[in-house]
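As stored in my_file31.cif (mmCIF, N, CA and C atoms):
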data_structure
#
loop_
_atom_site.group_PDB
_atom_site.id
_atom_site.type_symbol
_atom_site.label_atom_id
_atom_site.label_comp_id
_atom_site.auth_asym_id
_atom_site.auth_seq_id
_atom_site.Cartn_x
_atom_site.Cartn_y
_atom_site.Cartn_z
ATOM 1 N N MET A 178 76.372 37.830 22.274
ATOM 2 C CA MET A 178 75.253 37.476 21.423
ATOM 3 C C MET A 178 75.212 35.961 21.241
ATOM 4 N N ALA A 179 74.026 35.429 21.334
ATOM 5 C CA ALA A 179 73.825 33.999 21.124
ATOM 6 C C ALA A 179 73.531 33.738 19.647
ATOM 7 N N LEU A 180 73.957 32.597 19.162
ATOM 8 C CA LEU A 180 73.741 32.214 17.768
ATOM 9 C C LEU A 180 72.566 31.244 17.691
ATOM 10 N N PHE A 181 71.678 31.479 16.735
ATOM 11 C CA PHE A 181 70.507 30.629 16.561
ATOM 12 C C PHE A 181 70.310 30.284 15.098
ATOM 13 N N GLU A 182 69.936 29.031 14.836
ATOM 14 C CA GLU A 182 69.393 28.646 13.541
ATOM 15 C C GLU A 182 67.889 28.743 13.699
ATOM 16 N N HIS A 183 67.257 29.486 12.827
ATOM 17 C CA HIS A 183 65.866 29.891 13.002
ATOM 18 C C HIS A 183 65.088 29.564 11.733
ATOM 19 N N VAL A 184 63.971 28.856 11.881
ATOM 20 C CA VAL A 184 63.109 28.522 10.742
ATOM 21 C C VAL A 184 61.712 29.051 11.046
ATOM 22 N N ILE A 185 61.128 29.756 10.070
ATOM 23 C CA ILE A 185 59.736 30.161 10.206
ATOM 24 C C ILE A 185 58.945 29.557 9.050
ATOM 25 N N ILE A 186 57.713 29.177 9.352
ATOM 26 C CA ILE A 186 56.811 28.587 8.365
ATOM 27 C C ILE A 186 55.633 29.532 8.229
ATOM 28 N N LEU A 187 55.435 30.038 7.004
ATOM 29 C CA LEU A 187 54.394 31.032 6.744
ATOM 30 C C LEU A 187 53.270 30.442 5.908
ATOM 31 N N LYS A 188 52.075 31.007 6.047
ATOM 32 C CA LYS A 188 50.884 30.532 5.341
ATOM 33 C C LYS A 188 51.083 30.491 3.834
ATOM 34 N N GLN A 189 50.446 29.513 3.203
ATOM 35 C CA GLN A 189 50.533 29.366 1.761
ATOM 36 C C GLN A 189 49.727 30.418 1.016
ATOM 37 N N SER A 190 48.773 31.035 1.664
ATOM 38 C CA SER A 190 47.880 31.996 1.006
ATOM 39 C C SER A 190 48.509 33.372 0.810
ATOM 40 N N LEU A 191 49.736 33.575 1.292
ATOM 41 C CA LEU A 191 50.387 34.875 1.153
ATOM 42 C C LEU A 191 50.832 35.098 -0.293
ATOM 43 N N SER A 192 50.613 36.320 -0.789
ATOM 44 C CA SER A 192 51.113 36.678 -2.115
ATOM 45 C C SER A 192 52.610 36.961 -2.008
ATOM 46 N N ALA A 193 53.253 37.162 -3.137
ATOM 47 C CA ALA A 193 54.700 37.410 -3.133
ATOM 48 C C ALA A 193 55.034 38.693 -2.373
ATOM 49 N N THR A 194 54.224 39.729 -2.539
ATOM 50 C CA THR A 194 54.492 40.986 -1.835
ATOM 51 C C THR A 194 54.236 40.847 -0.337
ATOM 52 N N GLU A 195 53.179 40.121 0.033
ATOM 53 C CA GLU A 195 52.893 39.900 1.453
ATOM 54 C C GLU A 195 54.007 39.090 2.105
ATOM 55 N N LEU A 196 54.523 38.099 1.373
ATOM 56 C CA LEU A 196 55.615 37.274 1.894
ATOM 57 C C LEU A 196 56.867 38.123 2.113
ATOM 58 N N SER A 197 57.213 38.948 1.140
ATOM 59 C CA SER A 197 58.399 39.795 1.303
ATOM 60 C C SER A 197 58.195 40.821 2.419
ATOM 61 N N ASN A 198 56.960 41.325 2.589
ATOM 62 C CA ASN A 198 56.675 42.240 3.698
ATOM 63 C C ASN A 198 56.828 41.553 5.047
ATOM 64 N N GLU A 199 56.359 40.318 5.153
ATOM 65 C CA GLU A 199 56.501 39.559 6.406
ATOM 66 C C GLU A 199 57.972 39.335 6.737
ATOM 67 N N LEU A 200 58.777 39.013 5.727
ATOM 68 C CA LEU A 200 60.207 38.789 5.958
ATOM 69 C C LEU A 200 60.903 40.094 6.348
ATOM 70 N N LYS A 201 60.507 41.203 5.728
ATOM 71 C CA LYS A 201 61.068 42.506 6.088
ATOM 72 C C LYS A 201 60.673 42.864 7.522
ATOM 73 N N ASN A 202 59.412 42.615 7.893
ATOM 74 C CA ASN A 202 58.960 42.878 9.262
ATOM 75 C C ASN A 202 59.743 42.038 10.271
ATOM 76 N N HIS A 203 60.021 40.792 9.890
ATOM 77 C CA HIS A 203 60.777 39.894 10.768
ATOM 78 C C HIS A 203 62.205 40.418 10.959
ATOM 79 N N THR A 204 62.824 40.857 9.876
ATOM 80 C CA THR A 204 64.174 41.412 9.948
ATOM 81 C C THR A 204 64.185 42.688 10.786
ATOM 82 N N ASP A 205 63.176 43.531 10.609
ATOM 83 C CA ASP A 205 63.073 44.762 11.404
ATOM 84 C C ASP A 205 62.906 44.445 12.889
ATOM 85 N N MET A 206 62.110 43.408 13.187
ATOM 86 C CA MET A 206 61.900 43.005 14.572
ATOM 87 C C MET A 206 63.229 42.535 15.188
ATOM 88 N N LEU A 207 64.017 41.786 14.418
ATOM 89 C CA LEU A 207 65.330 41.338 14.907
ATOM 90 C C LEU A 207 66.227 42.532 15.226
ATOM 91 N N THR A 208 66.236 43.515 14.340
ATOM 92 C CA THR A 208 67.052 44.711 14.549
ATOM 93 C C THR A 208 66.587 45.470 15.783
ATOM 94 N N GLU A 209 65.269 45.554 15.946
ATOM 95 C CA GLU A 209 64.683 46.234 17.108
ATOM 96 C C GLU A 209 65.100 45.566 18.423
ATOM 97 N N LEU A 210 65.271 44.236 18.386
ATOM 98 C CA LEU A 210 65.661 43.475 19.580
ATOM 99 C C LEU A 210 67.177 43.301 19.684
ATOM 100 N N ASN A 211 67.930 44.176 19.000
ATOM 101 C CA ASN A 211 69.402 44.154 19.004
ATOM 102 C C ASN A 211 69.955 42.879 18.384
ATOM 103 N N GLY A 212 69.215 42.291 17.455
ATOM 104 C CA GLY A 212 69.663 41.084 16.778
ATOM 105 C C GLY A 212 70.238 41.406 15.412
ATOM 106 N N ASN A 213 70.752 40.380 14.766
ATOM 107 C CA ASN A 213 71.381 40.545 13.468
ATOM 108 C C ASN A 213 71.072 39.319 12.612
ATOM 109 N N LEU A 214 70.623 39.545 11.394
ATOM 110 C CA LEU A 214 70.387 38.462 10.447
ATOM 111 C C LEU A 214 71.689 38.207 9.699
ATOM 112 N N VAL A 215 72.289 37.041 9.943
ATOM 113 C CA VAL A 215 73.577 36.709 9.341
ATOM 114 C C VAL A 215 73.384 36.084 7.966
ATOM 115 N N TYR A 216 72.397 35.196 7.835
ATOM 116 C CA TYR A 216 72.184 34.467 6.583
ATOM 117 C C TYR A 216 70.704 34.149 6.463
ATOM 118 N N ASN A 217 70.172 34.266 5.260
ATOM 119 C CA ASN A 217 68.763 33.957 5.007
ATOM 120 C C ASN A 217 68.669 33.063 3.781
ATOM 121 N N GLU A 218 67.809 32.072 3.863
ATOM 122 C CA GLU A 218 67.646 31.129 2.761
ATOM 123 C C GLU A 218 66.172 30.782 2.635
ATOM 124 N N SER A 219 65.630 30.895 1.450
ATOM 125 C CA SER A 219 64.226 30.560 1.222
ATOM 126 C C SER A 219 64.139 29.135 0.680
ATOM 127 N N TRP A 220 63.404 28.293 1.393
ATOM 128 C CA TRP A 220 63.219 26.914 0.945
ATOM 129 C C TRP A 220 61.969 26.785 0.076
ATOM 130 N N GLY A 221 61.226 27.860 -0.087
ATOM 131 C CA GLY A 221 60.059 27.863 -0.958
ATOM 132 C C GLY A 221 58.849 27.196 -0.328
ATOM 133 N N MET A 222 57.841 26.974 -1.175
ATOM 134 C CA MET A 222 56.614 26.334 -0.694
ATOM 135 C C MET A 222 56.808 24.821 -0.686
ATOM 136 N N ARG A 223 56.473 24.219 0.442
ATOM 137 C CA ARG A 223 56.624 22.776 0.603
ATOM 138 C C ARG A 223 55.362 22.201 1.221
ATOM 139 N N ASN A 224 55.141 20.920 0.972
ATOM 140 C CA ASN A 224 54.005 20.228 1.587
ATOM 141 C C ASN A 224 54.288 19.994 3.062
ATOM 142 N N LEU A 225 53.266 20.173 3.875
ATOM 143 C CA LEU A 225 53.378 19.862 5.294
ATOM 144 C C LEU A 225 53.073 18.382 5.506
ATOM 145 N N ALA A 226 53.666 17.773 6.497
ATOM 146 C CA ALA A 226 53.444 16.358 6.789
ATOM 147 C C ALA A 226 51.998 16.115 7.221
ATOM 148 N N TYR A 227 51.406 17.104 7.860
ATOM 149 C CA TYR A 227 50.013 17.038 8.301
ATOM 150 C C TYR A 227 49.466 18.466 8.306
ATOM 151 N N PRO A 228 48.157 18.624 8.162
ATOM 152 C CA PRO A 228 47.592 19.987 8.157
ATOM 153 C C PRO A 228 47.824 20.711 9.481
ATOM 154 N N ILE A 229 48.252 21.957 9.379
ATOM 155 C CA ILE A 229 48.443 22.810 10.543
ATOM 156 C C ILE A 229 47.583 24.052 10.329
ATOM 157 N N LYS A 230 46.620 24.261 11.219
ATOM 158 C CA LYS A 230 45.704 25.405 11.111
ATOM 159 C C LYS A 230 45.091 25.492 9.709
ATOM 160 N N ASN A 231 44.615 24.363 9.203
ATOM 161 C CA ASN A 231 43.971 24.234 7.892
ATOM 162 C C ASN A 231 44.895 24.554 6.716
ATOM 163 N N ASN A 232 46.194 24.444 6.888
ATOM 164 C CA ASN A 232 47.162 24.646 5.814
ATOM 165 C C ASN A 232 47.811 23.313 5.483
ATOM 166 N N LYS A 233 47.852 22.991 4.184
ATOM 167 C CA LYS A 233 48.508 21.760 3.747
ATOM 168 C C LYS A 233 49.877 22.032 3.136
ATOM 169 N N LYS A 234 50.124 23.292 2.767
ATOM 170 C CA LYS A 234 51.412 23.729 2.235
ATOM 171 C C LYS A 234 51.812 24.997 2.970
ATOM 172 N N ALA A 235 53.108 25.310 2.908
ATOM 173 C CA ALA A 235 53.580 26.524 3.580
ATOM 174 C C ALA A 235 54.923 26.951 2.994
ATOM 175 N N PHE A 236 55.238 28.235 3.182
ATOM 176 C CA PHE A 236 56.538 28.775 2.795
ATOM 177 C C PHE A 236 57.499 28.596 3.956
ATOM 178 N N TYR A 237 58.683 28.071 3.648
ATOM 179 C CA TYR A 237 59.715 27.860 4.665
ATOM 180 C C TYR A 237 60.835 28.875 4.465
ATOM 181 N N GLU A 238 61.284 29.481 5.556
ATOM 182 C CA GLU A 238 62.411 30.417 5.543
ATOM 183 C C GLU A 238 63.404 30.002 6.621
ATOM 184 N N PHE A 239 64.647 29.832 6.236
ATOM 185 C CA PHE A 239 65.719 29.460 7.155
ATOM 186 C C PHE A 239 66.615 30.665 7.378
ATOM 187 N N MET A 240 67.010 30.894 8.623
ATOM 188 C CA MET A 240 67.856 32.044 8.940
ATOM 189 C C MET A 240 68.896 31.673 9.984
ATOM 190 N N ASN A 241 70.072 32.244 9.845
ATOM 191 C CA ASN A 241 71.075 32.236 10.913
ATOM 192 C C ASN A 241 71.004 33.616 11.531
ATOM 193 N N ILE A 242 70.737 33.674 12.839
ATOM 194 C CA ILE A 242 70.592 34.963 13.500
ATOM 195 C C ILE A 242 71.469 35.037 14.742
ATOM 196 N N GLU A 243 71.882 36.248 15.048
ATOM 197 C CA GLU A 243 72.569 36.555 16.307
ATOM 198 C C GLU A 243 71.632 37.457 17.090
ATOM 199 N N ILE A 244 71.333 37.075 18.318
ATOM 200 C CA ILE A 244 70.436 37.867 19.150
ATOM 201 C C ILE A 244 70.808 37.624 20.608
ATOM 202 N N PRO A 245 70.731 38.656 21.447
ATOM 203 C CA PRO A 245 71.011 38.432 22.874
ATOM 204 C C PRO A 245 70.054 37.390 23.464
ATOM 205 N N GLN A 246 70.577 36.534 24.304
ATOM 206 C CA GLN A 246 69.796 35.442 24.895
ATOM 207 C C GLN A 246 68.531 35.947 25.581
ATOM 208 N N GLU A 247 68.618 37.092 26.250
ATOM 209 C CA GLU A 247 67.456 37.598 26.980
ATOM 210 C C GLU A 247 66.345 38.091 26.049
ATOM 211 N N ASN A 248 66.650 38.326 24.769
ATOM 212 C CA ASN A 248 65.636 38.825 23.831
ATOM 213 C C ASN A 248 64.942 37.723 23.031
ATOM 214 N N ILE A 249 65.391 36.485 23.146
ATOM 215 C CA ILE A 249 64.780 35.406 22.363
ATOM 216 C C ILE A 249 63.334 35.175 22.797
ATOM 217 N N ASP A 250 63.032 35.311 24.077
ATOM 218 C CA ASP A 250 61.655 35.145 24.539
ATOM 219 C C ASP A 250 60.765 36.270 24.021
ATOM 220 N N LYS A 251 61.301 37.480 23.939
ATOM 221 C CA LYS A 251 60.540 38.603 23.377
ATOM 222 C C LYS A 251 60.225 38.348 21.904
ATOM 223 N N MET A 252 61.221 37.829 21.173
ATOM 224 C CA MET A 252 61.006 37.519 19.764
ATOM 225 C C MET A 252 59.933 36.445 19.613
ATOM 226 N N ASN A 253 60.002 35.399 20.440
ATOM 227 C CA ASN A 253 59.024 34.318 20.360
ATOM 228 C C ASN A 253 57.617 34.811 20.664
ATOM 229 N N SER A 254 57.468 35.709 21.628
ATOM 230 C CA SER A 254 56.133 36.218 21.941
ATOM 231 C C SER A 254 55.580 37.059 20.790
ATOM 232 N N LYS A 255 56.444 37.806 20.097
ATOM 233 C CA LYS A 255 55.995 38.576 18.936
ATOM 234 C C LYS A 255 55.617 37.654 17.775
ATOM 235 N N LEU A 256 56.359 36.559 17.606
ATOM 236 C CA LEU A 256 56.033 35.607 16.544
ATOM 237 C C LEU A 256 54.705 34.911 16.816
ATOM 238 N N ASN A 257 54.394 34.673 18.088
ATOM 239 C CA ASN A 257 53.114 34.049 18.445
ATOM 240 C C ASN A 257 51.928 34.925 18.066
ATOM 241 N N LEU A 258 52.118 36.224 18.033
ATOM 242 C CA LEU A 258 51.027 37.154 17.717
ATOM 243 C C LEU A 258 50.784 37.298 16.215
ATOM 244 N N ASN A 259 51.755 36.902 15.409
ATOM 245 C CA ASN A 259 51.632 37.045 13.958
ATOM 246 C C ASN A 259 50.811 35.887 13.390
ATOM 247 N N GLU A 260 49.651 36.184 12.831
ATOM 248 C CA GLU A 260 48.772 35.124 12.325
ATOM 249 C C GLU A 260 49.232 34.534 10.999
ATOM 250 N N ASN A 261 50.179 35.166 10.313
ATOM 251 C CA ASN A 261 50.696 34.624 9.063
ATOM 252 C C ASN A 261 51.801 33.591 9.283
ATOM 253 N N ILE A 262 52.333 33.528 10.491
ATOM 254 C CA ILE A 262 53.357 32.533 10.817
ATOM 255 C C ILE A 262 52.668 31.331 11.457
ATOM 256 N N ILE A 263 52.796 30.183 10.788
ATOM 257 C CA ILE A 263 52.153 28.963 11.279
ATOM 258 C C ILE A 263 52.965 28.357 12.420
ATOM 259 N N ARG A 264 54.265 28.215 12.204
ATOM 260 C CA ARG A 264 55.172 27.649 13.195
ATOM 261 C C ARG A 264 56.527 28.338 13.070
ATOM 262 N N TYR A 265 57.329 28.222 14.124
ATOM 263 C CA TYR A 265 58.701 28.709 14.092
ATOM 264 C C TYR A 265 59.523 27.829 15.028
ATOM 265 N N LEU A 266 60.820 27.804 14.786
ATOM 266 C CA LEU A 266 61.730 27.033 15.630
ATOM 267 C C LEU A 266 63.070 27.750 15.663
ATOM 268 N N SER A 267 63.571 27.982 16.853
ATOM 269 C CA SER A 267 64.886 28.608 17.034
ATOM 270 C C SER A 267 65.741 27.653 17.850
ATOM 271 N N ILE A 268 66.873 27.266 17.281
ATOM 272 C CA ILE A 268 67.772 26.332 17.946
ATOM 273 C C ILE A 268 69.097 27.046 18.207
ATOM 274 N N LYS A 269 69.516 27.060 19.479
ATOM 275 C CA LYS A 269 70.782 27.689 19.840
ATOM 276 C C LYS A 269 71.926 26.784 19.415
ATOM 277 N N VAL A 270 72.914 27.373 18.739
ATOM 278 C CA VAL A 270 74.068 26.614 18.255
ATOM 279 C C VAL A 270 75.352 27.303 18.698
ATOM 280 N N LYS A 271 76.438 26.538 18.712
ATOM 281 C CA LYS A 271 77.739 27.123 19.058
ATOM 282 C C LYS A 271 78.357 27.819 17.854
ATOM 283 N N THR A 272 78.214 27.190 16.692
ATOM 284 C CA THR A 272 78.653 27.802 15.431
ATOM 285 C C THR A 272 77.600 27.498 14.376
ATOM 286 N N PHE A 273 77.516 28.370 13.398
ATOM 287 C CA PHE A 273 76.546 28.151 12.327
ATOM 288 C C PHE A 273 77.005 27.003 11.439
ATOM 289 N N SER A 274 76.042 26.252 10.930
ATOM 290 C CA SER A 274 76.373 25.151 10.040
ATOM 291 C C SER A 274 76.726 25.698 8.654
ATOM 292 N N GLU A 275 77.234 24.815 7.840
ATOM 293 C CA GLU A 275 77.657 25.180 6.499
ATOM 294 C C GLU A 275 76.483 25.702 5.682
ATOM 295 N N THR A 276 76.731 26.737 4.902
ATOM 296 C CA THR A 276 75.694 27.266 4.010
ATOM 297 C C THR A 276 76.186 27.176 2.581
ATOM 298 N N PRO A 277 75.357 26.948 1.620
ATOM 299 C CA PRO A 277 73.916 26.722 1.705
ATOM 300 C C PRO A 277 73.601 25.374 2.350
ATOM 301 N N THR A 278 72.404 25.278 2.885
ATOM 302 C CA THR A 278 71.990 24.070 3.592
ATOM 303 C C THR A 278 71.726 22.925 2.618
ATOM 304 N N LEU A 279 71.520 21.752 3.168
ATOM 305 C CA LEU A 279 71.237 20.576 2.342
ATOM 306 C C LEU A 279 69.934 20.712 1.561
ATOM 307 N N MET A 280 68.978 21.484 2.094
ATOM 308 C CA MET A 280 67.699 21.682 1.398
ATOM 309 C C MET A 280 67.927 22.355 0.048
ATOM 310 N N ILE A 281 68.821 23.303 -0.007
ATOM 311 C CA ILE A 281 69.124 24.015 -1.253
ATOM 312 C C ILE A 281 70.021 23.152 -2.148
ATOM 313 N N LYS A 282 70.979 22.482 -1.539
ATOM 314 C CA LYS A 282 71.876 21.635 -2.339
ATOM 315 C C LYS A 282 71.108 20.508 -3.016
ATOM 316 N N ALA A 283 70.063 19.995 -2.376
ATOM 317 C CA ALA A 283 69.267 18.912 -2.942
ATOM 318 C C ALA A 283 68.521 19.379 -4.195
ATOM 319 N N LYS A 284 68.138 20.652 -4.237
ATOM 320 C CA LYS A 284 67.436 21.195 -5.412
ATOM 321 C C LYS A 284 68.354 21.292 -6.612
ATOM 322 N N GLU A 285 69.640 21.531 -6.349
ATOM 323 C CA GLU A 285 70.611 21.714 -7.446
ATOM 324 C C GLU A 285 71.033 20.420 -7.998
#

Reformat the file's structure so that it appears as structure tokens.
Amino acid sequence: MALFEHVIILKQSLSATELSNELKNHTDMLTELNGNLVYNESWGMRNLAYPIKNNKKAFYEFMNIEIPQENIDKMNSKLNLNENIIRYLSIKVKTFSETPTLMIKAKE
């Protein structure tokens, strides 16, 4: 299994229940692709540096995931079809970084 640090950016117009449903769907999709969610961290709603698809703010979710290398492209194609996800980024790492991340530590 390959290790990935994964960030998804979701639309600001989502309600709390819609946001939790999207995150549950994302976790289910990972399980379906033989992946595993190791750590999840919500960075909350943040301002975007520039408008993306007419959104000036968005919800950020950070995840450490384990998923087979051959399934990462399948996951990316499914994320492209979801209209509530504005952007996503998956970075392959050798080991997961320290948690909680600096984004959470800065809030405290």

What does the structure give for the distance between atom C of Asn213 in chain A and CA of Asn257 in chain A, in Å to one decimal?
19.6 Å

Spell out the residues picked by the PyMOL selection byres ((chain A and resi 267-283) around 6.5) here, as a PyMOL selection string.
chain A and resi 179-184+265-266+284-285

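Computed from the coordinates, the CA of Gly212 in chain A to CA of Ser197 in chain A distance equals 19.2 Å.
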
Looking at A:Gln246, A:Phe236, A:Met178, A:Asn198, which one is nearest to Gly221 in chain A, with distances taken over only N, CA and C atoms?
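Smallest distance to Gly221 in chain A is found for A:Phe236.
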
Point-to-point distance from atom N of Asn217 in chain A to atom N of Leu196 in chain A, Å rounded to tenths
16.6 Å

Starting from the displayed file, determine the output of the PyMOL selection byres ((chain A and resi 261) around 6) and express the residue list as a ChimeraX atom specification.
/A:186-188,259-260,262-263

How would you write, as a PDB file with N, CA and C atoms, keeping the file's coordinate frame, the residues chosen by the PyMOL selection byres ((chain A and resi 240) around 8) on this structure?
ATOM      1  N   PHE A 181      71.678  31.479  16.735  1.00  0.00           N
ATOM      2  CA  PHE A 181      70.507  30.629  16.561  1.00  0.00           C
ATOM      3  C   PHE A 181      70.310  30.284  15.098  1.00  0.00           C
ATOM      4  N   GLU A 182      69.936  29.031  14.836  1.00  0.00           N
ATOM      5  CA  GLU A 182      69.393  28.646  13.541  1.00  0.00           C
ATOM      6  C   GLU A 182      67.889  28.743  13.699  1.00  0.00           C
ATOM      7  N   HIS A 183      67.257  29.486  12.827  1.00  0.00           N
ATOM      8  CA  HIS A 183      65.866  29.891  13.002  1.00  0.00           C
ATOM      9  C   HIS A 183      65.088  29.564  11.733  1.00  0.00           C
ATOM     10  N   VAL A 184      63.971  28.856  11.881  1.00  0.00           N
ATOM     11  CA  VAL A 184      63.109  28.522  10.742  1.00  0.00           C
ATOM     12  C   VAL A 184      61.712  29.051  11.046  1.00  0.00           C
ATOM     13  N   ILE A 185      61.128  29.756  10.070  1.00  0.00           N
ATOM     14  CA  ILE A 185      59.736  30.161  10.206  1.00  0.00           C
ATOM     15  C   ILE A 185      58.945  29.557   9.050  1.00  0.00           C
ATOM     16  N   LEU A 214      70.623  39.545  11.394  1.00  0.00           N
ATOM     17  CA  LEU A 214      70.387  38.462  10.447  1.00  0.00           C
ATOM     18  C   LEU A 214      71.689  38.207   9.699  1.00  0.00           C
ATOM     19  N   VAL A 215      72.289  37.041   9.943  1.00  0.00           N
ATOM     20  CA  VAL A 215      73.577  36.709   9.341  1.00  0.00           C
ATOM     21  C   VAL A 215      73.384  36.084   7.966  1.00  0.00           C
ATOM     22  N   TYR A 216      72.397  35.196   7.835  1.00  0.00           N
ATOM     23  CA  TYR A 216      72.184  34.467   6.583  1.00  0.00           C
ATOM     24  C   TYR A 216      70.704  34.149   6.463  1.00  0.00           C
ATOM     25  N   ASN A 217      70.172  34.266   5.260  1.00  0.00           N
ATOM     26  CA  ASN A 217      68.763  33.957   5.007  1.00  0.00           C
ATOM     27  C   ASN A 217      68.669  33.063   3.781  1.00  0.00           C
ATOM     28  N   GLU A 218      67.809  32.072   3.863  1.00  0.00           N
ATOM     29  CA  GLU A 218      67.646  31.129   2.761  1.00  0.00           C
ATOM     30  C   GLU A 218      66.172  30.782   2.635  1.00  0.00           C
ATOM     31  N   SER A 219      65.630  30.895   1.450  1.00  0.00           N
ATOM     32  CA  SER A 219      64.226  30.560   1.222  1.00  0.00           C
ATOM     33  C   SER A 219      64.139  29.135   0.680  1.00  0.00           C
ATOM     34  N   TYR A 237      58.683  28.071   3.648  1.00  0.00           N
ATOM     35  CA  TYR A 237      59.715  27.860   4.665  1.00  0.00           C
ATOM     36  C   TYR A 237      60.835  28.875   4.465  1.00  0.00           C
ATOM     37  N   GLU A 238      61.284  29.481   5.556  1.00  0.00           N
ATOM     38  CA  GLU A 238      62.411  30.417   5.543  1.00  0.00           C
ATOM     39  C   GLU A 238      63.404  30.002   6.621  1.00  0.00           C
ATOM     40  N   PHE A 239      64.647  29.832   6.236  1.00  0.00           N
ATOM     41  CA  PHE A 239      65.719  29.460   7.155  1.00  0.00           C
ATOM     42  C   PHE A 239      66.615  30.665   7.378  1.00  0.00           C
ATOM     43  N   ASN A 241      70.072  32.244   9.845  1.00  0.00           N
ATOM     44  CA  ASN A 241      71.075  32.236  10.913  1.00  0.00           C
ATOM     45  C   ASN A 241      71.004  33.616  11.531  1.00  0.00           C
ATOM     46  N   ILE A 242      70.737  33.674  12.839  1.00  0.00           N
ATOM     47  CA  ILE A 242      70.592  34.963  13.500  1.00  0.00           C
ATOM     48  C   ILE A 242      71.469  35.037  14.742  1.00  0.00           C
ATOM     49  N   GLU A 243      71.882  36.248  15.048  1.00  0.00           N
ATOM     50  CA  GLU A 243      72.569  36.555  16.307  1.00  0.00           C
ATOM     51  C   GLU A 243      71.632  37.457  17.090  1.00  0.00           C
TER      52      GLU A 243
END

For each of A:Asn211, A:Glu199, A:Leu191, A:Trp220, take the minimum atom-to-atom distance to Asn248 in chain A, counting all atoms listed in the file, then give the residue where this is smallest.
A:Asn211

Residue set, range 180-217 of chain A restricted to strand (DSSP E or B), as a list in words:
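In range 180-217 of chain A, DSSP puts these residues in strand (DSSP E or B): Leu180, Phe181, Glu182, His183, Val184, Ile185, Ile186, Leu187, Lys188, Asn213, Leu214, Val215, Tyr216 and Asn217 of chain A.
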
Please report, as a PDB file with N, CA and C atoms, in the coordinates of the input, each residue of range 206-238 of chain A to which DSSP assigns helix (DSSP H, G or I) when run on this structure's backbone.
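Written file, result.pdb:
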ATOM      1  N   MET A 206      62.110  43.408  13.187  1.00  0.00           N
ATOM      2  CA  MET A 206      61.900  43.005  14.572  1.00  0.00           C
ATOM      3  C   MET A 206      63.229  42.535  15.188  1.00  0.00           C
ATOM      4  N   LEU A 207      64.017  41.786  14.418  1.00  0.00           N
ATOM      5  CA  LEU A 207      65.330  41.338  14.907  1.00  0.00           C
ATOM      6  C   LEU A 207      66.227  42.532  15.226  1.00  0.00           C
ATOM      7  N   THR A 208      66.236  43.515  14.340  1.00  0.00           N
ATOM      8  CA  THR A 208      67.052  44.711  14.549  1.00  0.00           C
ATOM      9  C   THR A 208      66.587  45.470  15.783  1.00  0.00           C
ATOM     10  N   GLU A 209      65.269  45.554  15.946  1.00  0.00           N
ATOM     11  CA  GLU A 209      64.683  46.234  17.108  1.00  0.00           C
ATOM     12  C   GLU A 209      65.100  45.566  18.423  1.00  0.00           C
TER      13      GLU A 209
END

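Distances to Pro245 in chain A were evaluated for A:Thr208, A:Asn224, A:Asn231, A:Ser190 using only C-alpha atoms, and the minimum falls at A:Thr208.
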